[in-house]
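*Asks:* input_25.txt is reproduced below (compact mmCIF, C-alpha atoms and all ligand atoms).
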# COMPACT_ATOMS: atom_id res chain seq x y z
CA MET O 1 10.15 35.52 33.74
CA ALA O 2 12.57 32.60 33.16
CA ALA O 3 15.45 33.08 30.74
CA PRO O 4 14.69 32.12 27.14
CA GLY O 5 15.56 28.64 25.85
CA PRO O 6 18.81 28.25 23.92
CA LEU O 7 19.29 30.44 20.87
CA SER O 8 19.26 28.97 17.40
CA LEU O 9 20.13 30.83 14.22
CA ASN O 10 17.87 30.28 11.26
CA THR O 11 20.41 30.74 8.51
CA VAL O 12 18.06 32.78 6.32
CA THR O 13 18.85 35.63 8.74
CA VAL O 14 22.27 36.06 7.05
CA ARG O 15 21.25 34.51 3.75
CA ASP O 16 22.90 36.90 1.33
CA ALA O 17 26.33 37.18 2.97
CA TRP O 18 27.04 33.69 4.29
CA ASN O 19 26.81 30.17 2.92
CA LEU O 20 26.05 27.29 5.26
CA ALA O 21 29.71 26.60 6.12
CA GLN O 22 30.12 30.24 7.16
CA CYS O 23 26.92 30.08 9.22
CA ILE O 24 28.20 26.99 11.07
CA GLU O 25 31.53 28.70 11.81
CA GLY O 26 29.72 31.91 12.78
CA CYS O 27 27.44 30.15 15.26
CA ALA O 28 30.42 28.37 16.82
CA ARG O 29 32.40 31.63 17.04
CA HIS O 30 29.52 33.56 18.61
CA GLY O 31 28.57 30.79 21.03
CA ILE O 32 25.16 30.25 19.42
CA PRO O 33 24.26 26.64 20.26
CA GLY O 34 21.66 25.93 17.55
CA ILE O 35 21.27 26.26 13.81
CA SER O 36 18.42 25.80 11.36
CA PRO O 37 19.62 25.48 7.75
CA TRP O 38 17.77 25.88 4.46
CA ARG O 39 17.87 23.12 1.90
CA ASP O 40 19.26 25.15 -1.02
CA ARG O 41 22.37 25.99 1.03
CA LEU O 42 22.52 22.43 2.32
CA ALA O 43 22.59 21.11 -1.25
CA GLU O 44 25.32 23.58 -2.14
CA MET O 45 27.52 22.42 0.74
CA GLY O 46 26.67 18.74 0.46
CA LEU O 47 24.64 16.84 3.04
CA ALA O 48 27.45 14.68 4.41
CA ALA O 49 29.89 17.58 4.75
CA ALA O 50 27.25 19.76 6.41
CA ALA O 51 26.24 17.03 8.86
CA ARG O 52 29.89 16.47 9.78
CA ARG O 53 30.73 20.16 10.26
CA ILE O 54 27.60 20.79 12.32
CA ARG O 55 28.43 17.82 14.53
CA GLU O 56 32.06 18.92 14.91
CA ALA O 57 30.90 22.41 15.89
CA GLY O 58 28.66 20.87 18.56
CA LEU O 59 25.52 22.56 17.23
CA ARG O 60 22.01 21.23 17.58
CA VAL O 61 19.84 21.41 14.46
CA THR O 62 16.54 22.90 15.61
CA GLY O 63 14.88 22.48 12.22
CA LEU O 64 15.41 22.02 8.51
CA CYS O 65 13.71 24.51 6.18
CA ARG O 66 11.66 23.40 4.42
CA GLY O 67 9.27 20.78 3.12
CA GLY O 68 5.58 20.82 2.26
CA MET O 69 4.41 22.99 -0.67
CA PHE O 70 2.24 20.13 -1.93
CA PRO O 71 -0.42 21.90 -4.06
CA ALA O 72 0.39 21.78 -7.78
CA ALA O 73 -1.44 22.26 -11.07
CA ASP O 74 -1.30 18.60 -12.12
CA ALA O 75 -0.62 15.09 -10.84
CA ALA O 76 3.00 15.16 -12.03
CA GLY O 77 3.61 18.34 -10.02
CA ARG O 78 2.03 16.82 -6.93
CA ARG O 79 4.14 13.67 -7.31
CA ALA O 80 7.28 15.78 -7.69
CA ALA O 81 6.45 17.63 -4.46
CA ILE O 82 5.96 14.35 -2.62
CA GLU O 83 9.31 13.06 -3.91
CA ASP O 84 11.01 16.28 -2.87
CA ASN O 85 9.54 15.91 0.63
CA ARG O 86 10.90 12.36 0.83
CA ARG O 87 14.37 13.75 0.13
CA ALA O 88 13.83 16.49 2.73
CA ILE O 89 12.88 13.90 5.35
CA ALA O 90 16.05 11.92 4.60
CA GLU O 91 18.12 15.10 4.89
CA ALA O 92 16.51 16.03 8.21
CA GLN O 93 17.25 12.54 9.50
CA ALA O 94 20.89 12.73 8.38
CA LEU O 95 21.30 16.07 10.14
CA GLY O 96 19.59 14.84 13.30
CA ALA O 97 17.20 17.79 12.90
CA GLU O 98 14.60 18.25 15.63
CA CYS O 99 11.98 18.77 12.91
CA LEU O 100 11.40 19.37 9.23
CA VAL O 101 9.49 22.64 8.83
CA VAL O 102 6.54 22.06 6.51
CA LEU O 103 4.85 24.91 4.64
CA GLY O 104 1.48 24.84 2.97
CA GLY O 105 2.35 26.12 -0.47
CA GLY O 106 0.08 28.51 -2.34
CA LEU O 107 -2.67 28.08 -4.91
CA PRO O 108 -1.52 26.43 -8.14
CA PRO O 109 -1.07 29.08 -10.89
CA GLY O 110 -4.42 30.22 -12.26
CA SER O 111 -6.42 28.30 -9.67
CA LYS O 112 -9.25 29.78 -7.59
CA ASP O 113 -9.90 26.53 -5.76
CA LEU O 114 -8.69 27.20 -2.22
CA PRO O 115 -10.43 24.19 -0.63
CA GLY O 116 -8.91 22.05 -3.39
CA ALA O 117 -5.41 23.35 -2.64
CA ARG O 118 -5.91 22.66 1.06
CA ALA O 119 -6.99 19.10 0.21
CA MET O 120 -3.81 18.70 -1.88
CA PHE O 121 -1.76 19.81 1.10
CA ARG O 122 -3.50 17.32 3.33
CA ASP O 123 -3.06 14.48 0.81
CA GLY O 124 0.62 15.28 0.27
CA LEU O 125 1.19 15.25 4.00
CA ALA O 126 -0.59 11.90 4.36
CA ALA O 127 1.60 10.48 1.57
CA VAL O 128 4.91 11.31 3.26
CA LEU O 129 3.95 10.87 6.92
CA PRO O 130 4.82 7.13 7.02
CA GLU O 131 8.38 7.91 5.86
CA ALA O 132 8.69 10.70 8.42
CA ARG O 133 7.56 8.36 11.19
CA ALA O 134 9.97 5.64 10.06
CA ALA O 135 12.81 8.18 9.99
CA GLY O 136 11.88 9.62 13.38
CA VAL O 137 11.53 13.09 11.81
CA THR O 138 8.76 15.33 13.17
CA LEU O 139 6.95 17.26 10.45
CA ALA O 140 6.40 20.71 11.97
CA LEU O 141 3.45 22.35 10.22
CA GLU O 142 4.12 26.08 10.10
CA PRO O 143 1.06 28.18 9.39
CA LEU O 144 1.92 31.41 7.58
CA HIS O 145 0.11 34.73 7.90
CA PRO O 146 -3.06 34.71 5.74
CA MET O 147 -1.63 37.51 3.57
CA THR O 148 0.52 34.78 1.99
CA CYS O 149 -2.38 32.42 1.29
CA ALA O 150 -2.35 32.87 -2.50
CA ASP O 151 1.32 32.40 -3.22
CA ARG O 152 2.97 30.71 -0.24
CA SER O 153 0.72 28.99 2.23
CA VAL O 154 -2.84 27.73 2.17
CA LEU O 155 -2.12 26.74 5.78
CA SER O 156 -2.95 29.96 7.61
CA THR O 157 -3.69 29.33 11.26
CA LEU O 158 -2.55 27.23 14.18
CA ALA O 159 -6.09 25.88 14.49
CA GLN O 160 -5.92 24.57 10.92
CA ALA O 161 -2.50 22.98 11.55
CA LEU O 162 -3.66 21.39 14.80
CA ASP O 163 -6.77 19.98 13.09
CA LEU O 164 -4.39 18.12 10.74
CA CYS O 165 -2.30 16.96 13.72
CA ASP O 166 -5.48 15.70 15.42
CA GLU O 167 -6.54 13.88 12.28
CA MET O 168 -3.22 12.25 11.38
CA GLY O 169 -1.58 11.87 14.76
CA GLU O 170 1.95 10.73 15.49
CA GLY O 171 4.78 12.31 13.55
CA LEU O 172 3.17 15.72 13.16
CA GLY O 173 3.72 18.87 15.19
CA VAL O 174 3.53 22.62 14.69
CA ALA O 175 6.08 25.39 14.32
CA VAL O 176 4.96 28.57 16.07
CA ASP O 177 6.43 31.54 14.19
CA ALA O 178 5.71 34.84 15.93
CA TYR O 179 5.53 36.75 12.64
CA HIS O 180 2.74 34.52 11.36
CA VAL O 181 0.57 33.95 14.42
CA TRP O 182 0.85 37.03 16.64
CA TRP O 183 -2.31 38.66 15.21
CA ASP O 184 -4.56 35.62 15.82
CA PRO O 185 -7.37 36.33 18.35
CA ASP O 186 -7.44 32.57 19.05
CA LEU O 187 -3.68 32.36 19.69
CA ALA O 188 -3.70 31.60 23.45
CA ARG O 189 -6.31 28.89 23.07
CA GLN O 190 -4.54 27.24 20.14
CA VAL O 191 -1.10 27.34 21.79
CA ALA O 192 -2.60 25.67 24.86
CA ARG O 193 -4.30 23.12 22.62
CA ALA O 194 -0.98 22.41 20.86
CA GLY O 195 0.71 21.35 24.09
CA ARG O 196 3.71 19.12 23.49
CA ARG O 197 3.09 19.18 19.75
CA ILE O 198 4.96 22.50 19.46
CA ALA O 199 8.15 21.40 17.69
CA ALA O 200 9.71 24.81 17.05
CA PHE O 201 9.43 28.44 18.13
CA HIS O 202 10.52 31.09 15.60
CA ALA O 203 11.18 34.63 16.79
CA CYS O 204 11.27 37.91 14.89
CA ASP O 205 9.18 41.06 15.02
CA TRP O 206 6.42 42.87 13.12
CA LEU O 207 7.53 46.34 12.10
CA VAL O 208 5.25 49.35 11.77
CA PRO O 209 5.10 50.17 8.96
CA THR O 210 5.98 46.89 7.24
CA THR O 211 7.24 47.77 3.76
CA ASP O 212 7.41 44.25 2.32
CA LEU O 213 5.13 41.44 3.45
CA VAL O 214 7.84 38.76 3.20
CA PHE O 215 11.25 40.45 3.31
CA ASP O 216 10.79 43.14 5.96
CA ARG O 217 10.70 41.18 9.17
CA GLY O 218 12.02 42.96 12.24
CA MET O 219 14.78 42.10 14.71
CA PRO O 220 13.18 40.98 18.03
CA GLY O 221 12.42 44.12 20.04
CA ASP O 222 12.05 46.46 17.05
CA GLY O 223 8.33 45.87 16.44
CA VAL O 224 4.96 45.33 18.09
CA ILE O 225 4.96 41.61 18.97
CA ASP O 226 4.99 40.73 22.67
CA LEU O 227 7.68 38.09 22.19
CA PRO O 228 8.31 37.37 25.90
CA GLY O 229 4.54 36.97 26.31
CA LEU O 230 4.33 34.58 23.38
CA ARG O 231 7.33 32.61 24.61
CA ALA O 232 5.77 32.31 28.06
CA MET O 233 2.58 31.03 26.43
CA VAL O 234 4.49 28.43 24.41
CA GLU O 235 6.50 27.33 27.46
CA ALA O 236 3.36 27.09 29.59
CA SER O 237 2.16 24.66 26.97
CA GLY O 238 5.18 22.44 27.62
CA TYR O 239 7.65 23.65 24.97
CA ARG O 240 11.24 23.31 26.19
CA GLY O 241 13.06 23.80 22.90
CA ALA O 242 15.16 26.54 21.39
CA VAL O 243 14.28 30.11 20.47
CA GLU O 244 15.06 30.18 16.77
CA VAL O 245 15.62 33.67 15.42
CA GLU O 246 14.48 33.81 11.80
CA ILE O 247 14.60 37.17 10.06
CA LEU O 248 13.88 37.55 6.36
CA SER O 249 14.84 41.16 5.85
CA ARG O 250 16.52 43.14 3.10
CA ARG O 251 17.61 45.63 5.76
CA TRP O 252 19.42 42.98 7.84
CA TRP O 253 20.76 41.13 4.79
CA ALA O 254 22.64 44.31 3.90
CA GLU O 255 24.42 44.39 7.29
CA ASP O 256 27.73 42.74 8.18
CA PRO O 257 26.75 39.23 9.43
CA GLU O 258 29.09 39.57 12.43
CA THR O 259 27.03 42.58 13.53
CA VAL O 260 23.77 40.75 12.85
CA LEU O 261 24.82 37.79 15.01
CA ARG O 262 25.94 40.09 17.83
CA ILE O 263 22.58 41.87 17.81
CA VAL O 264 20.65 38.60 17.52
CA LYS O 265 22.42 37.36 20.66
CA GLN O 266 21.64 40.57 22.56
CA ARG O 267 17.99 40.55 21.54
CA HIS O 268 17.62 36.87 22.35
CA ALA O 269 18.66 37.76 25.88
CA THR O 270 16.66 40.98 26.23
CA ALA O 271 13.67 40.93 23.85
CA CYS O 272 12.60 37.29 23.50
ZN ZN D 1 9.37 30.36 10.60
Represent the structure of the file as structure tokens.
Ligand code: ZN

*Replies:*
Amino acid sequence: MAAPGPLSLNTVTVRDAWNLAQCIEGCARHGIPGISPWRDRLAEMGLAAAARRIREAGLRVTGLCRGGMFPAADAAGRRAAIEDNRRAIAEAQALGAECLVVLGGGLPPGSKDLPGARAMFRDGLAAVLPEARAAGVTLALEPLHPMTCADRSVLSTLAQALDLCDEMGEGLGVAVDAYHVWWDPDLARQVARAGRRIAAFHACDWLVPTTDLVFDRGMPGDGVIDLPGLRAMVEASGYRGAVEVEILSRRWWAEDPETVLRIVKQRHATAC
């Protein structure tokens, strides 16, 4: 099998120990060519300063996390989400990010209307897509595992994300995150269907047992996902981008980030 595409560090992997400036320096020091920042840390550092430091370090920005989250209890909440996504698109453009990762968002508090929440997601996306196109920012729809449907993502499968891409066209793509799609019996068919619309590939592993559904992701190679198989599938579909390692894990957050980056590099080479 061919060597994996270039490594990118999703900064959530060392979220507790390092701010964005430290992540940029860390990637440069460890020879990691890509970075994918989160917006809270971007705001803390300042957009202009972050863009400059990332450029000076010679890093590519494989994604900005995250936009979307459109469902809300009332019209004011939905408008606020749309405004926030407009800011996220501008930030992604300023960083030269390869995509803005877009999440579904969960059900509004107290709601049992899942189709309604999905319609709100669709409408929010339609509202911001013209800006994304004008900015040249790809909105990468990232379906999350259905266990998160209530509180994080009413967008649960690649098929659902690709239906939206089919409907709305240019400017939309998908982010394939191993943690969220590996279980899907329709995975191979949907990855093939996605083709060149795959805008990002996120790698981590599914541990057995998983002790927390959000914050116990595994280091590539420590779990049950056939990551090289999934990568081959994505590449056969035409994806030529980075392998972005994204690990939300209390276990890894407690480690020295220098150690985490060393292991991430090793596993990128041997387990992705
Ligand atoms: Zn992801």

*Asks:* I want to know what sits within 9 Å of stretch 162-175 of chain O, based on only C-alpha atoms, with residues of the same chain fewer than 2 positions away left out; could you give that as a ChimeraX atom specification?

*Replies:* /O:99,101-102,122,126,129-130,132-133,136-143,157-160,177,190,193-194,196-202

*Asks:* Which residues are near O:Arg251? Cut-off 10 Å, all atoms listed in the file, ignore same chain within fewer than 4 positions. Put them as a VMD selection string.

*Replies:* chain O and resid 215 to 218 247 255

*Asks:* What is the atom CA of O:Ala92 to atom CA of O:Glu258 distance in Å?

*Replies:*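 Taking atom CA of O:Ala92 as the start and atom CA of O:Glu258 as the end point, the length is 27.0 Å.
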
*Asks:* Could you state the separation of atom CA of O:Gly105 and atom CA of O:Pro71 in Å, given to one decimal place?

*Replies:*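 Between atom CA of O:Gly105 and atom CA of O:Pro71 the gap is 6.2 Å.
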
*Asks:* For O:Asp84, which of O:Val128, O:Ala232, O:Leu107, O:Val214 is the closest residue, counting all atoms listed in the file?

*Replies:*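 Residue with the minimum atom-to-atom distance to O:Asp84: O:Val128.
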
*Asks:* As an exercise, work out the distance from atom CA of O:Ile32 to atom CA of O:Leu248 in Å and give it to one decimal place.

*Replies:*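 Computed distance, atom CA of O:Ile32 to atom CA of O:Leu248, equals 18.7 Å.
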
*Asks:* Which residues come within 8 Å of O:Lys265, counting all atoms listed in the file, excluding same-chain residues fewer than 3 positions away, as a list of chain:residue names?

*Replies:*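 Everything that qualifies: O:Leu7, O:Ile32, O:Leu261, O:Arg262, O:His268, O:Ala269.
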
*Asks:* Could you write out the selected residues, including C-alpha atoms, as an mmCIF file, in the coordinates of the input?

*Replies:*
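That gives us part_2.cif:
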data_model
loop_
_atom_site.group_PDB
_atom_site.id
_atom_site.type_symbol
_atom_site.label_atom_id
_atom_site.label_comp_id
_atom_site.auth_asym_id
_atom_site.auth_seq_id
_atom_site.Cartn_x
_atom_site.Cartn_y
_atom_site.Cartn_z
ATOM 1 C CA LEU O 7 19.290 30.440 20.870
ATOM 2 C CA ILE O 32 25.160 30.250 19.420
ATOM 3 C CA LEU O 261 24.820 37.790 15.010
ATOM 4 C CA ARG O 262 25.940 40.090 17.830
ATOM 5 C CA HIS O 268 17.620 36.870 22.350
ATOM 6 C CA ALA O 269 18.660 37.760 25.880
#

*Asks:* Nearest to ligand ZN 1 (chain D): which of O:Pro6, O:Gly68, O:Gly63, O:Gly58 is it, counting only C-alpha atoms and all ligand atoms?

*Replies:*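 Answer, going by the shortest atom-to-atom distance: O:Gly63.
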
*Asks:* Under the rule that all atoms listed in the file are counted, which of O:Gly116, O:Pro185, O:Pro37, O:Pro108 is the nearest residue to ligand ZN 1 (chain D)?

*Replies:*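 Between O:Gly116, O:Pro185, O:Pro37, O:Pro108, the residue approaching ligand ZN 1 (chain D) most closely is O:Pro37.
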
*Asks:* Excluding same-chain residues fewer than 5 positions from O:Pro257, what lies within 8 Å of it counting only C-alpha atoms, as number ranges by chain?

*Replies:* O: 14, 17-18

*Asks:* I'd like to know which of O:Ala88, O:Leu42, O:Cys204, O:Leu187 is closest to ligand ZN 1 (chain D), using all atoms listed in the file.

*Replies:*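 The shortest atom-to-atom distance to ligand ZN 1 (chain D) comes from O:Cys204.
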
*Asks:* Which is closest to O:Pro115 among O:Leu64, O:Asn85, O:Val154, O:Ala236, if we use only C-alpha atoms?

*Replies:* O:Val154

*Asks:* Got a sec: who's within 12 Å of O:Glu83, counting all atoms listed in the file, leaving out chain neighbours fewer than 6 positions off, as a ChimeraX atom specification?

*Replies:* /O:67-70,76-77,89-90,124-125,127-128,131

*Asks:* Using all atoms listed in the file, which of O:Val245, O:Ala50, O:Val224, O:Ile263 sits nearest ligand ZN 1 (chain D)?

*Replies:*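 Selected residue with least distance to ligand ZN 1 (chain D): O:Val245.
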